[in-house]
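Trainee: One structure follows; several queries about it will come next.
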Amino acid sequence: MNAYDLVLALNQYAALDPSPVCWTRWNSGGLAASGIYCWTCAMAEVVIGHGEIVVYEISYESDGCAHCSICNLILDYHLTDCGVDEELDYFHGLRLTTPLPKQDAYHIARIIEAAPENKDALRLAKRALAKATEPHLNPEAKEGTHHGID
Ligand SMILES: [Zn+2]
């Protein structure tokens with residue numbers, strides 16, 4: 001299985017529809033201190049007068065996985081080289097559970113997409129896919145978590 005097939009298979013398994021990234025600016029004109037938001041949360045902030053949306057980004061370049069600062073929804077992102085290293089470190093310290101949590105499949109697909117030649121990443125993706133496609137091996141596995149998703 002090549003990198004492209006792995007991304008496709010992991011994305012299909014994840015079956016998530018990540019929201020594009022929204023950046024907002026406060027009404028005072030200054031940039032928001034921090035945070036990226038999903039469309040729903042960004043609009044909610046606008047409606048209550050907290051600011052305006054200034055950027056609406058698809059495949060936002062990120063140094064790590066991207067979640068909405070308010071509701072924690074997965075956002076559409078593309079990892080930088082530094083982000084690839086960070087995500088590989090994270091997954092090296094994690095025991096993948098069976099069945100593979102859908103969010104983990106999505107995050108691992110982003111690693112391969114950004115680093116299709118990286119042998120560590122390919123190994124991780126193959127391991128993950130095995131856990132995604134053979135859930136009967138460990139029926140008692142609990143849903144896993146990733147980066148503050150509870
Ligand atoms: Zn949100």
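Ordering of the structure tokens sets the chain letters (A, B, ...), residue numbers begin anew at 1 in every chain, and ligands are numbered from 1 in the order given.
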List all protein, DNA and RNA residues that have any atom at most 7 Å from ligand 1, counting only C-alpha atoms and all ligand atoms, and write the list as a count of residues only.
Mentor: 11
Trainee: Between A:Ala109, A:Leu96, A:Ala115, A:Ala44, which is the closest to Arg127 (chain A) once you count only C-alpha atoms?
Mentor: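 Residue with the minimum atom-to-atom distance to Arg127 (chain A): A:Leu96.
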Trainee: Which polymer residues have any atom within 10 Å of an atom of region 91-93 of chain A, counting only C-alpha atoms, with same-chain residues fewer than 6 positions away left out, as a list of chain:residue names?
Mentor: A:Asp104, A:His107, A:Ile108, A:Asp120, A:Ala121, A:Leu124, A:His146
Trainee: Could you write those residues out with C-alpha atoms, as a short mmCIF file (atom, residue, chain, number, x, y, z; two decimals), in the first residue's frame?
Mentor:
```
data_model
loop_
_atom_site.label_atom_id
_atom_site.label_comp_id
_atom_site.auth_asym_id
_atom_site.auth_seq_id
_atom_site.Cartn_x
_atom_site.Cartn_y
_atom_site.Cartn_z
CA ASP A 104 -6.76 9.31 15.30
CA HIS A 107 -4.79 12.91 12.34
CA ILE A 108 -2.55 10.09 11.07
CA ASP A 120 8.16 6.38 10.51
CA ALA A 121 4.95 7.94 9.28
CA LEU A 124 2.49 4.36 11.91
CA HIS A 146 -6.18 12.76 20.96
#
```
Trainee: Sort by chain and increasing residue number a table of all residues of region 53-141 of chain A within 9 Å of region 3-8 of chain A, each with its closest pair of atoms and their distance in Å to one decimal, counting only C-alpha atoms, and write it as a tab-separated table.
Mentor:
```
residue	atom	partner	partner_atom	distance
A:Tyr106	CA	A:Val7	CA	8.7
A:Ile108	CA	A:Val7	CA	8.2
A:Ala109	CA	A:Val7	CA	4.8
A:Arg110	CA	A:Val7	CA	7.6
A:Ile111	CA	A:Val7	CA	8.9
A:Ile112	CA	A:Ala3	CA	6.4
A:Glu113	CA	A:Val7	CA	6.5
A:Ala115	CA	A:Ala3	CA	8.8
A:Pro116	CA	A:Ala3	CA	5.4
A:Glu117	CA	A:Ala3	CA	7.7
A:Leu122	CA	A:Ala3	CA	6.9
A:Ala125	CA	A:Leu6	CA	6.8
A:Lys126	CA	A:Leu6	CA	7.4
A:Leu129	CA	A:Leu6	CA	7.8
```
Trainee: Nearest to Ala114 (chain A) among A:Pro99, A:Pro18, A:Gly64, A:Gly35, with distances taken over only C-alpha atoms: which residue is it?
Mentor: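 Among A:Pro99, A:Pro18, A:Gly64, A:Gly35, it is A:Gly64 that comes nearest to Ala114 (chain A).
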Trainee: I need the residues of region 7-88 of chain A that end up classed as helix (DSSP H, G or I) by DSSP on the backbone, written out as a list in words.
Mentor: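 DSSP on the backbone gives helix (DSSP H, G or I) at Val7, Leu8, Ala9, Leu10, Asn11, Gln12, Tyr13, Ala14, Trp39, Thr40, Cys41, Ala42, Met43, Ala44, Glu45, Val46, Val47, Asp81, Cys82, Gly83, Val84, Asp85, Glu86, Glu87 and Leu88 of chain A.
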Trainee: So how many Å separate CA of Ala130 (chain A) and CA of Pro101 (chain A), to one decimal?
Mentor: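 Separation of CA of Ala130 (chain A) and CA of Pro101 (chain A): 12.3 Å.
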